$ cat final_28.cif   # mmCIF, C-alpha atoms
data_target
#
loop_
_atom_site.group_PDB
_atom_site.id
_atom_site.type_symbol
_atom_site.label_atom_id
_atom_site.label_comp_id
_atom_site.auth_asym_id
_atom_site.auth_seq_id
_atom_site.Cartn_x
_atom_site.Cartn_y
_atom_site.Cartn_z
ATOM 1 C CA MET A 24 0.000 0.000 0.000
ATOM 2 C CA ILE A 25 2.804 2.373 0.945
ATOM 3 C CA LEU A 26 4.646 1.362 -2.233
ATOM 4 C CA ILE A 27 1.613 2.209 -4.350
ATOM 5 C CA GLU A 28 1.271 5.578 -2.604
ATOM 6 C CA ASN A 29 4.989 6.298 -3.151
ATOM 7 C CA HIS A 30 4.701 5.353 -6.821
ATOM 8 C CA LYS A 31 1.680 7.632 -7.198
ATOM 9 C CA GLN A 32 3.580 10.471 -5.538
ATOM 10 C CA THR A 33 6.620 9.918 -7.795
ATOM 11 C CA SER A 34 4.542 9.900 -10.991
ATOM 12 C CA TYR A 35 2.637 12.966 -9.753
ATOM 13 C CA ASN A 36 5.937 14.798 -9.160
ATOM 14 C CA THR A 37 7.218 13.780 -12.607
ATOM 15 C CA ILE A 38 4.074 15.109 -14.279
ATOM 16 C CA MET A 39 4.269 18.329 -12.279
ATOM 17 C CA THR A 40 7.898 18.894 -13.239
ATOM 18 C CA LYS A 41 7.006 18.313 -16.897
ATOM 19 C CA ILE A 42 4.212 20.863 -16.667
ATOM 20 C CA ILE A 43 6.044 23.581 -14.803
ATOM 21 C CA LYS A 44 9.649 24.025 -13.696
ATOM 22 C CA LYS A 45 10.534 23.691 -10.026
ATOM 23 C CA SER A 46 11.839 27.235 -9.986
ATOM 24 C CA TYR A 47 8.306 28.612 -10.280
ATOM 25 C CA SER A 48 6.311 29.071 -7.095
ATOM 26 C CA ALA A 49 3.314 27.517 -8.878
ATOM 27 C CA HIS A 50 5.125 24.168 -8.747
ATOM 28 C CA SER A 51 4.978 24.050 -4.962
ATOM 29 C CA THR A 52 1.587 25.823 -4.839
ATOM 30 C CA LEU A 53 0.018 23.103 -6.986
ATOM 31 C CA LYS A 54 1.389 20.489 -4.597
ATOM 32 C CA THR A 55 -0.050 22.201 -1.545
ATOM 33 C CA LEU A 56 -3.518 22.760 -2.996
ATOM 34 C CA ASN A 57 -5.839 20.310 -1.318
ATOM 35 C CA ARG A 58 -8.711 18.731 -3.108
ATOM 36 C CA GLY A 59 -11.798 20.447 -1.697
ATOM 37 C CA ALA A 60 -14.528 18.424 -0.009
ATOM 38 C CA PHE A 61 -16.822 18.941 -3.021
ATOM 39 C CA ASN A 62 -14.048 18.835 -5.658
ATOM 40 C CA ASP A 63 -14.044 22.619 -5.737
ATOM 41 C CA ILE A 64 -10.292 22.503 -6.405
ATOM 42 C CA CYS A 65 -8.811 19.651 -8.444
ATOM 43 C CA VAL A 66 -5.158 19.413 -9.358
ATOM 44 C CA LEU A 67 -4.567 17.250 -12.463
ATOM 45 C CA PRO A 68 -8.297 16.514 -12.868
ATOM 46 C CA ASP A 69 -9.358 13.409 -14.750
ATOM 47 C CA LEU A 70 -11.406 14.948 -17.564
ATOM 48 C CA LYS A 71 -11.609 15.501 -21.270
ATOM 49 C CA PHE A 72 -13.126 18.416 -23.120
ATOM 50 C CA GLU A 73 -14.290 18.971 -26.670
ATOM 51 C CA THR A 74 -11.500 21.241 -27.916
ATOM 52 C CA GLN A 75 -8.675 19.462 -26.123
ATOM 53 C CA GLU A 76 -5.464 19.000 -28.120
ATOM 54 C CA ARG A 77 -3.631 15.678 -28.131
ATOM 55 C CA LYS A 78 -0.753 16.870 -25.929
ATOM 56 C CA GLU A 79 -2.890 19.104 -23.785
ATOM 57 C CA ARG A 80 -3.204 18.206 -20.120
ATOM 58 C CA PRO A 81 -5.714 19.683 -17.640
ATOM 59 C CA ILE A 82 -3.756 21.015 -14.668
ATOM 60 C CA LEU A 83 -6.240 22.729 -12.441
ATOM 61 C CA LEU A 84 -9.992 22.862 -12.125
ATOM 62 C CA VAL A 85 -11.642 25.381 -9.830
ATOM 63 C CA ARG A 86 -15.274 25.804 -8.874
ATOM 64 C CA GLU A 87 -17.175 28.192 -6.644
ATOM 65 C CA HIS A 88 -16.649 27.505 -2.929
ATOM 66 C CA PRO A 89 -19.130 24.857 -1.591
ATOM 67 C CA LEU A 90 -20.384 27.385 0.952
ATOM 68 C CA TYR A 91 -22.339 29.081 -1.842
ATOM 69 C CA LEU A 92 -23.649 25.728 -3.027
ATOM 70 C CA ILE A 93 -24.947 24.887 0.455
ATOM 71 C CA THR A 94 -26.589 28.319 0.733
ATOM 72 C CA SER A 95 -28.357 27.931 -2.602
ATOM 73 C CA LEU A 96 -29.400 24.346 -1.757
ATOM 74 C CA LEU A 97 -30.942 25.620 1.465
ATOM 75 C CA GLY A 98 -32.661 28.282 -0.617
ATOM 76 C CA SER A 99 -34.490 25.591 -2.577
ATOM 77 C CA LEU A 100 -36.228 24.569 0.669
ATOM 78 C CA VAL A 101 -38.304 27.728 0.219
ATOM 79 C CA TRP A 102 -40.592 25.716 -2.078
ATOM 80 C CA ILE A 103 -41.592 23.445 0.819
ATOM 81 C CA VAL A 104 -42.463 26.508 2.912
ATOM 82 C CA VAL A 105 -44.462 27.928 -0.021
ATOM 83 C CA ALA A 106 -46.325 24.598 -0.353
ATOM 84 C CA ILE A 107 -47.154 24.513 3.381
ATOM 85 C CA LEU A 108 -48.376 28.136 3.330
ATOM 86 C CA PHE A 109 -50.455 27.451 0.210
ATOM 87 C CA ASN A 110 -51.854 24.397 1.938
ATOM 88 C CA MET A 111 -52.946 26.422 4.932
ATOM 89 C CA ALA A 112 -54.467 29.055 2.654
ATOM 90 C CA ILE A 113 -56.499 26.427 0.784
ATOM 91 C CA GLY A 114 -57.763 25.003 4.076
ATOM 92 C CA GLY A 115 -58.639 28.447 5.442
ATOM 93 C CA VAL A 116 -60.293 30.009 2.397
ATOM 94 C CA LEU A 117 -62.198 27.069 0.942
ATOM 95 C CA LYS A 118 -63.364 25.476 4.185
ATOM 96 C CA GLY A 119 -67.179 25.209 4.191
ATOM 97 C CA GLN A 120 -67.437 26.383 0.580
ATOM 98 C CA VAL A 121 -66.370 23.224 -1.216
ATOM 99 C CA SER A 122 -66.484 19.574 -0.238
ATOM 100 C CA PRO A 123 -63.869 18.475 2.341
ATOM 101 C CA SER A 124 -62.623 15.692 0.043
ATOM 102 C CA LEU A 125 -61.727 18.270 -2.655
ATOM 103 C CA ILE A 126 -59.825 20.337 -0.080
ATOM 104 C CA VAL A 127 -57.855 17.256 1.078
ATOM 105 C CA ARG A 128 -57.026 16.370 -2.543
ATOM 106 C CA MET A 129 -55.858 19.912 -3.279
ATOM 107 C CA GLN A 130 -53.698 19.922 -0.169
ATOM 108 C CA THR A 131 -52.168 16.524 -1.018
ATOM 109 C CA TYR A 132 -51.368 17.757 -4.523
ATOM 110 C CA THR A 133 -49.798 20.969 -3.222
ATOM 111 C CA ILE A 134 -47.501 19.082 -0.836
ATOM 112 C CA LEU A 135 -46.573 16.544 -3.536
ATOM 113 C CA LEU A 136 -45.735 19.280 -6.041
ATOM 114 C CA GLY A 137 -43.876 21.270 -3.394
ATOM 115 C CA PHE A 138 -41.595 18.339 -2.599
ATOM 116 C CA GLY A 139 -41.074 17.574 -6.287
ATOM 117 C CA ILE A 140 -40.123 21.148 -7.131
ATOM 118 C CA THR A 141 -37.790 21.276 -4.120
ATOM 119 C CA ILE A 142 -35.947 18.137 -5.265
ATOM 120 C CA SER A 143 -35.718 19.375 -8.874
ATOM 121 C CA THR A 144 -34.541 22.829 -7.836
ATOM 122 C CA ALA A 145 -31.862 21.280 -5.615
ATOM 123 C CA ILE A 146 -30.648 19.076 -8.494
ATOM 124 C CA TYR A 147 -30.685 22.080 -10.845
ATOM 125 C CA LYS A 148 -28.662 24.185 -8.410
ATOM 126 C CA PHE A 149 -26.123 21.408 -7.956
ATOM 127 C CA ILE A 150 -25.714 20.964 -11.726
ATOM 128 C CA LYS A 151 -25.387 24.729 -12.097
ATOM 129 C CA TRP A 152 -22.671 24.823 -9.441
ATOM 130 C CA PHE A 153 -20.891 21.815 -10.948
ATOM 131 C CA TYR A 154 -20.716 23.306 -14.433
ATOM 132 C CA ASN A 155 -19.679 26.796 -13.329
ATOM 133 C CA LEU A 156 -15.995 26.147 -13.503
ATOM 134 C CA PHE A 157 -12.609 27.405 -14.466
ATOM 135 C CA LEU A 158 -10.068 25.119 -16.049
ATOM 136 C CA VAL A 159 -6.357 25.645 -16.545
ATOM 137 C CA THR A 160 -4.454 23.391 -18.920
ATOM 138 C CA ASN A 161 -0.835 23.586 -20.044
ATOM 139 C CA LEU A 162 -2.038 25.467 -23.145
ATOM 140 C CA ARG A 163 -5.052 27.547 -22.201
ATOM 141 C CA ILE A 164 -7.548 28.717 -19.642
ATOM 142 C CA VAL A 165 -11.223 27.830 -20.012
ATOM 143 C CA ASP A 166 -14.142 29.533 -18.319
ATOM 144 C CA LEU A 167 -17.415 27.610 -18.407
ATOM 145 C CA ASP A 168 -20.435 29.506 -17.096
ATOM 146 C CA PHE A 169 -23.898 28.067 -16.560
ATOM 147 C CA TYR A 170 -26.219 31.061 -16.241
ATOM 148 C CA THR A 171 -29.667 29.565 -16.807
ATOM 149 C CA LEU A 172 -31.079 26.446 -18.428
ATOM 150 C CA GLY A 173 -31.091 28.243 -21.737
ATOM 151 C CA GLN A 174 -27.808 30.090 -21.450
ATOM 152 C CA THR A 175 -24.272 28.820 -20.982
ATOM 153 C CA SER A 176 -20.968 30.226 -22.119
ATOM 154 C CA TRP A 177 -17.611 28.663 -22.890
ATOM 155 C CA VAL A 178 -14.737 31.125 -23.062
ATOM 156 C CA GLU A 179 -11.154 30.079 -23.630
ATOM 157 C CA ALA A 180 -7.892 31.912 -24.051
ATOM 158 C CA LEU A 181 -4.358 30.753 -24.689
ATOM 159 C CA LEU A 182 -2.051 30.983 -21.691
ATOM 160 C CA ALA A 183 0.397 32.842 -23.930
ATOM 161 C CA ASN A 184 -2.205 35.609 -24.286
ATOM 162 C CA VAL A 185 -2.710 36.113 -20.554
ATOM 163 C CA GLU A 186 -1.557 39.600 -19.642
ATOM 164 C CA ASP A 187 -2.414 39.908 -15.987
ATOM 165 C CA ALA A 188 -4.598 38.463 -13.268
ATOM 166 C CA GLU A 189 -6.330 40.443 -10.565
ATOM 167 C CA VAL A 190 -7.678 39.174 -7.250
ATOM 168 C CA ARG A 191 -10.600 40.839 -5.499
ATOM 169 C CA ASN A 192 -11.468 39.825 -2.000
ATOM 170 C CA VAL A 193 -14.456 41.763 -0.679
ATOM 171 C CA GLY A 194 -16.673 40.950 2.284
ATOM 172 C CA PHE A 195 -16.583 39.419 5.730
ATOM 173 C CA ILE A 196 -17.279 35.791 4.743
ATOM 174 C CA GLU A 197 -14.755 36.058 1.913
ATOM 175 C CA SER A 198 -12.069 37.202 4.349
ATOM 176 C CA LEU A 199 -13.021 34.543 6.890
ATOM 177 C CA PHE A 200 -12.812 31.614 4.452
ATOM 178 C CA ASP A 201 -10.152 33.034 2.112
ATOM 179 C CA LEU A 202 -12.498 33.365 -0.856
ATOM 180 C CA GLY A 203 -12.324 35.804 -3.714
ATOM 181 C CA ASP A 204 -12.717 36.582 -7.386
ATOM 182 C CA VAL A 205 -9.964 36.274 -9.964
ATOM 183 C CA TYR A 206 -10.126 38.390 -13.132
ATOM 184 C CA VAL A 207 -7.817 37.377 -15.950
ATOM 185 C CA GLN A 208 -6.999 39.954 -18.609
ATOM 186 C CA THR A 209 -6.059 38.480 -21.958
ATOM 187 C CA ALA A 210 -4.817 40.034 -25.175
ATOM 188 C CA GLY A 211 -7.557 38.518 -27.300
ATOM 189 C CA HIS A 212 -10.614 39.336 -25.208
ATOM 190 C CA LYS A 213 -12.058 42.757 -24.506
ATOM 191 C CA ASP A 214 -13.724 41.510 -21.330
ATOM 192 C CA LYS A 215 -11.825 39.906 -18.522
ATOM 193 C CA ILE A 216 -12.249 36.200 -17.898
ATOM 194 C CA GLU A 217 -13.632 35.968 -14.407
ATOM 195 C CA ILE A 218 -13.777 33.241 -11.816
ATOM 196 C CA LEU A 219 -16.009 34.253 -8.979
ATOM 197 C CA ARG A 220 -16.135 33.231 -5.308
ATOM 198 C CA ILE A 221 -13.379 30.658 -5.476
ATOM 199 C CA PRO A 222 -11.261 29.363 -2.603
ATOM 200 C CA LYS A 223 -7.609 30.423 -2.289
ATOM 201 C CA PRO A 224 -7.708 33.055 -5.073
ATOM 202 C CA MET A 225 -4.122 34.227 -4.517
ATOM 203 C CA LYS A 226 -2.772 30.743 -5.161
ATOM 204 C CA ILE A 227 -4.900 30.377 -8.295
ATOM 205 C CA GLN A 228 -3.640 33.746 -9.540
ATOM 206 C CA ASP A 229 -0.058 32.654 -8.884
ATOM 207 C CA ILE A 230 -0.550 29.413 -10.817
ATOM 208 C CA ILE A 231 -2.160 31.174 -13.803
ATOM 209 C CA LEU A 232 0.554 33.804 -14.040
ATOM 210 C CA ASP A 233 3.404 31.311 -13.664
ATOM 211 C CA LEU A 234 1.927 29.008 -16.287
ATOM 212 C CA ALA A 235 1.374 31.997 -18.584
ATOM 213 C CA HIS A 236 4.985 33.056 -18.097
ATOM 214 C CA GLU A 237 6.220 29.533 -18.825
ATOM 215 C CA SER A 238 3.974 29.354 -21.902
ATOM 216 C CA LYS A 239 5.295 32.675 -23.255
ATOM 217 C CA LYS A 240 8.887 31.565 -22.723
ATOM 218 C CA ASN A 241 8.292 28.329 -24.603
ATOM 219 C CA GLY A 242 6.587 30.231 -27.419
ATOM 220 C CA MET B 240 -100.234 45.372 -13.827
ATOM 221 C CA ASP B 241 -97.765 43.460 -11.670
ATOM 222 C CA ASN B 242 -94.271 44.945 -12.077
ATOM 223 C CA THR B 243 -92.470 42.764 -9.558
ATOM 224 C CA ASN B 244 -90.351 41.012 -12.199
ATOM 225 C CA LEU B 245 -89.139 44.331 -13.617
ATOM 226 C CA ILE B 246 -87.739 45.346 -10.240
ATOM 227 C CA THR B 247 -86.140 42.092 -9.108
ATOM 228 C CA GLY B 248 -84.984 40.953 -12.524
ATOM 229 C CA PRO B 249 -85.229 37.454 -13.949
ATOM 230 C CA THR B 250 -84.931 34.567 -11.527
ATOM 231 C CA ILE B 251 -82.646 31.625 -12.343
ATOM 232 C CA THR B 252 -84.541 28.568 -11.460
ATOM 233 C CA ASN B 253 -82.231 25.737 -12.590
ATOM 234 C CA ALA B 254 -78.804 26.936 -11.438
ATOM 235 C CA SER B 255 -76.067 24.654 -12.833
ATOM 236 C CA PHE B 256 -73.189 26.605 -11.272
ATOM 237 C CA SER B 257 -71.635 25.298 -8.062
ATOM 238 C CA LEU B 258 -68.432 26.329 -6.330
ATOM 239 C CA ASP B 259 -67.432 22.695 -5.906
ATOM 240 C CA SER B 260 -67.463 21.883 -9.612
ATOM 241 C CA PHE B 261 -65.790 25.201 -10.433
ATOM 242 C CA PHE B 262 -62.848 24.457 -8.105
ATOM 243 C CA HIS B 263 -62.693 20.876 -9.297
ATOM 244 C CA THR B 264 -62.323 22.011 -12.924
ATOM 245 C CA PHE B 265 -59.853 24.687 -11.872
ATOM 246 C CA PHE B 266 -57.836 22.048 -9.963
ATOM 247 C CA ILE B 267 -57.716 19.747 -13.009
ATOM 248 C CA ILE B 268 -56.542 22.580 -15.297
ATOM 249 C CA VAL B 269 -53.888 23.706 -12.798
ATOM 250 C CA SER B 270 -52.576 20.165 -12.242
ATOM 251 C CA LEU B 271 -52.402 19.608 -15.998
ATOM 252 C CA GLY B 272 -50.572 22.884 -16.649
ATOM 253 C CA ALA B 273 -48.190 22.524 -13.717
ATOM 254 C CA GLY B 274 -47.437 18.952 -14.749
ATOM 255 C CA PHE B 275 -46.557 19.980 -18.307
ATOM 256 C CA ILE B 276 -44.330 22.843 -17.132
ATOM 257 C CA TYR B 277 -42.628 20.589 -14.565
ATOM 258 C CA ILE B 278 -41.923 17.844 -17.120
ATOM 259 C CA ALA B 279 -40.708 20.385 -19.710
ATOM 260 C CA PHE B 280 -38.354 21.971 -17.164
ATOM 261 C CA SER B 281 -36.956 18.554 -16.205
ATOM 262 C CA ILE B 282 -36.447 17.482 -19.824
ATOM 263 C CA LEU B 283 -34.702 20.776 -20.606
ATOM 264 C CA MET B 284 -32.472 20.283 -17.575
ATOM 265 C CA PHE B 285 -31.625 16.747 -18.703
ATOM 266 C CA PHE B 286 -30.651 17.852 -22.206
ATOM 267 C CA ARG B 287 -28.649 20.805 -20.897
ATOM 268 C CA THR B 288 -26.732 18.500 -18.531
ATOM 269 C CA LYS B 289 -26.118 16.026 -21.330
ATOM 270 C CA ASN B 290 -24.921 18.841 -23.579
ATOM 271 C CA LEU B 291 -22.540 20.145 -20.920
ATOM 272 C CA HIS B 292 -21.293 16.634 -20.260
ATOM 273 C CA SER B 293 -20.430 16.248 -23.933
ATOM 274 C CA MET B 294 -18.457 19.503 -23.728
ATOM 275 C CA LEU B 295 -16.598 18.460 -20.601
ATOM 276 C CA LYS B 296 -16.422 14.769 -19.833
ATOM 277 C CA THR B 297 -15.904 13.792 -16.199
ATOM 278 C CA LYS B 298 -16.896 10.784 -14.129
ATOM 279 C CA GLN B 299 -19.084 12.900 -11.873
ATOM 280 C CA GLY B 300 -20.681 14.408 -14.967
ATOM 281 C CA GLU B 301 -21.959 10.976 -15.983
ATOM 282 C CA LEU B 302 -23.627 10.637 -12.597
ATOM 283 C CA LEU B 303 -25.164 14.068 -13.008
ATOM 284 C CA VAL B 304 -26.675 13.060 -16.357
ATOM 285 C CA LEU B 305 -28.223 10.049 -14.604
ATOM 286 C CA LEU B 306 -29.453 12.314 -11.804
ATOM 287 C CA ALA B 307 -31.062 14.626 -14.354
ATOM 288 C CA LEU B 308 -32.703 11.602 -15.982
ATOM 289 C CA ALA B 309 -33.992 10.444 -12.590
ATOM 290 C CA ASN B 310 -35.396 13.940 -12.161
ATOM 291 C CA VAL B 311 -37.368 13.570 -15.405
ATOM 292 C CA VAL B 312 -38.818 10.286 -14.109
ATOM 293 C CA ILE B 313 -39.720 11.945 -10.772
ATOM 294 C CA ALA B 314 -41.376 14.831 -12.654
ATOM 295 C CA ILE B 315 -43.430 12.446 -14.808
ATOM 296 C CA ILE B 316 -44.529 10.373 -11.789
ATOM 297 C CA ILE B 317 -45.492 13.454 -9.739
ATOM 298 C CA SER B 318 -47.344 15.025 -12.669
ATOM 299 C CA ILE B 319 -49.345 11.872 -13.436
ATOM 300 C CA LEU B 320 -50.064 11.283 -9.748
ATOM 301 C CA GLY B 321 -51.119 14.914 -9.348
ATOM 302 C CA PHE B 322 -53.429 14.729 -12.329
ATOM 303 C CA LEU B 323 -54.990 11.507 -11.009
ATOM 304 C CA ILE B 324 -55.529 13.120 -7.592
ATOM 305 C CA ALA B 325 -57.266 16.018 -9.327
ATOM 306 C CA VAL B 326 -59.455 13.907 -11.623
ATOM 307 C CA VAL B 327 -60.463 10.895 -9.531
#

$ encode --input "final_28.cif" --output "structure tokens"
Amino acid sequence: MILIENHKQTSYNTIMTKIIKKSYSAHSTLKTLNRGAFNDICVLPDLKFETQERKERPILLVREHPLYLITSLLGSLVWIVVAILFNMAIGGVLKGQVSPSLIVRMQTYTILLGFGITISTAIYKFIKWFYNLFLVTNLRIVDLDFYTLGQTSWVEALLANVEDAEVRNVGFIESLFDLGDVYVQTAGHKDKIEILRIPKPMKIQDIILDLAHESKKNG
Amino acid sequence: MDNTNLITGPTITNASFSLDSFFHTFFIIVSLGAGFIYIAFSILMFFRTKNLHSMLKTKQGELLVLLALANVVIAIIISILGFLIAVV
């Protein structure tokens, strides 16, 4: 078991050295980045994407901090509260005016629909969180945004075109959990590529800039 | 001449309107509409997830596609059940 772990560590180190030289701080930063509880940070993620080149290797995948996911999942519980309130309203308003069996059926339906919508909303919010991501490969950066069911965006820029990266850390919770936004300015895009509410933004910025520098040096 | 009818207006003798049947019909229409919207939303979510999974293939993504499919099944079951509750 220890042998397997050692072998894994050795191959991991070899891959890392191939990707970025030891002299860059990103080399050690990548090693220290822990995989988040919800895979919010993944170093050398196991994935493939549509426009991936043959020699291209995903290095880092970052998602919004799980704190925001939990908050939005709790928000979907609102539908249960709405269903219960609607239920009470049906009982209060229609009592004595329509048959009791119709009231019971309406209330059963409301609760059933309330639970269904809550489950679906929770699944939707999880999928939305999962596909709101930022990917760094040895060639490019990719920003995938899931806005609504009908609107997603896939923005990519070559690492060689990255000009600068800015970190913004605003708010009490952001300071407490070391969260922030990273804005990447590239030569090709008018707008900045943004990664919002991510954990350890300074480290991500460091990795992007070091990889960009390495990419520019290699041409 | 007796003018009583002119003052009180015509009297409806065989009233077919009842609040019970009105709400029953209303309930059926609402359950049908909500069911359609719910199923449409779930199907759209499934196809969007599948589309995103084809753009970015991960192991967890496969599970999410299955989850979205399970959501479609849940939506269909709830909608049919809801409609049956309204009709029967």

$ atom_distance --input "final_28.cif" --atom1 "atom CA of A:Thr171" --atom2 "atom CA of A:Pro81"
25.9 Å

$ axis_aligned_box --input "final_28.cif" --around "stretch 317-327 of chain B" --padding-each-side "4 Å" --output "JSON"
{"center_x": -53.0, "center_y": 13.5, "center_z": -10.5, "size_x": 23.0, "size_y": 13.1, "size_z": 13.8}

$ closest_residue --input "final_28.cif" --among "A:Leu158, A:Ile218, A:Val185, A:Leu234" --to "chain B" --atoms "all atoms listed in the file"
A:Leu158

$ interface_residues --input "final_28.cif" --of "chain B" --to "chain A" --cutoff "8 Å" --atoms "only C-alpha atoms" --output "PyMOL selection string"
chain B and resi 258-259+262-263+266+277+281+283-284+287-288+291+293-298+303+306-307+310+313-314+317+321+324-325

$ resolve_selection --input "final_28.cif" --expression "the PyMOL selection byres ((chain A and resi 67) around 10)" --output "list in words"
Tyr35, Ile38, Met39, Leu53, Ile64, Cys65, Val66, Pro68, Asp69, Leu70, Arg80, Pro81, Ile82, Leu83, Leu84, Val159 and Thr160 of chain A

$ atom_distance --input "final_28.cif" --atom1 "atom CA of B:Thr264" --atom2 "atom CA of A:Asn110"
18.3 Å

$ atom_distance --input "final_28.cif" --atom1 "atom CA of A:Tyr47" --atom2 "atom CA of A:Ile227"
13.5 Å

$ resolve_selection --input "final_28.cif" --expression "the PyMOL selection byres ((chain A and resi 89-100) around 8)" --output "VMD selection string"
chain A and resid 61 63 87 to 88 101 to 104 141 144 to 145 148 to 149 152

$ residues_around --input "final_28.cif" --residues "A:Val193" --least-positions-apart "2" --cutoff "9 Å" --atoms "all atoms listed in the file" --output "NGL selection string"
:A and (191 or 195-198 or 202-204)

$ resolve_selection --input "final_28.cif" --expression "the PyMOL selection byres ((chain A and resi 223) around 9)" --output "ChimeraX atom specification"
/A:56,200-203,221-222,224-228
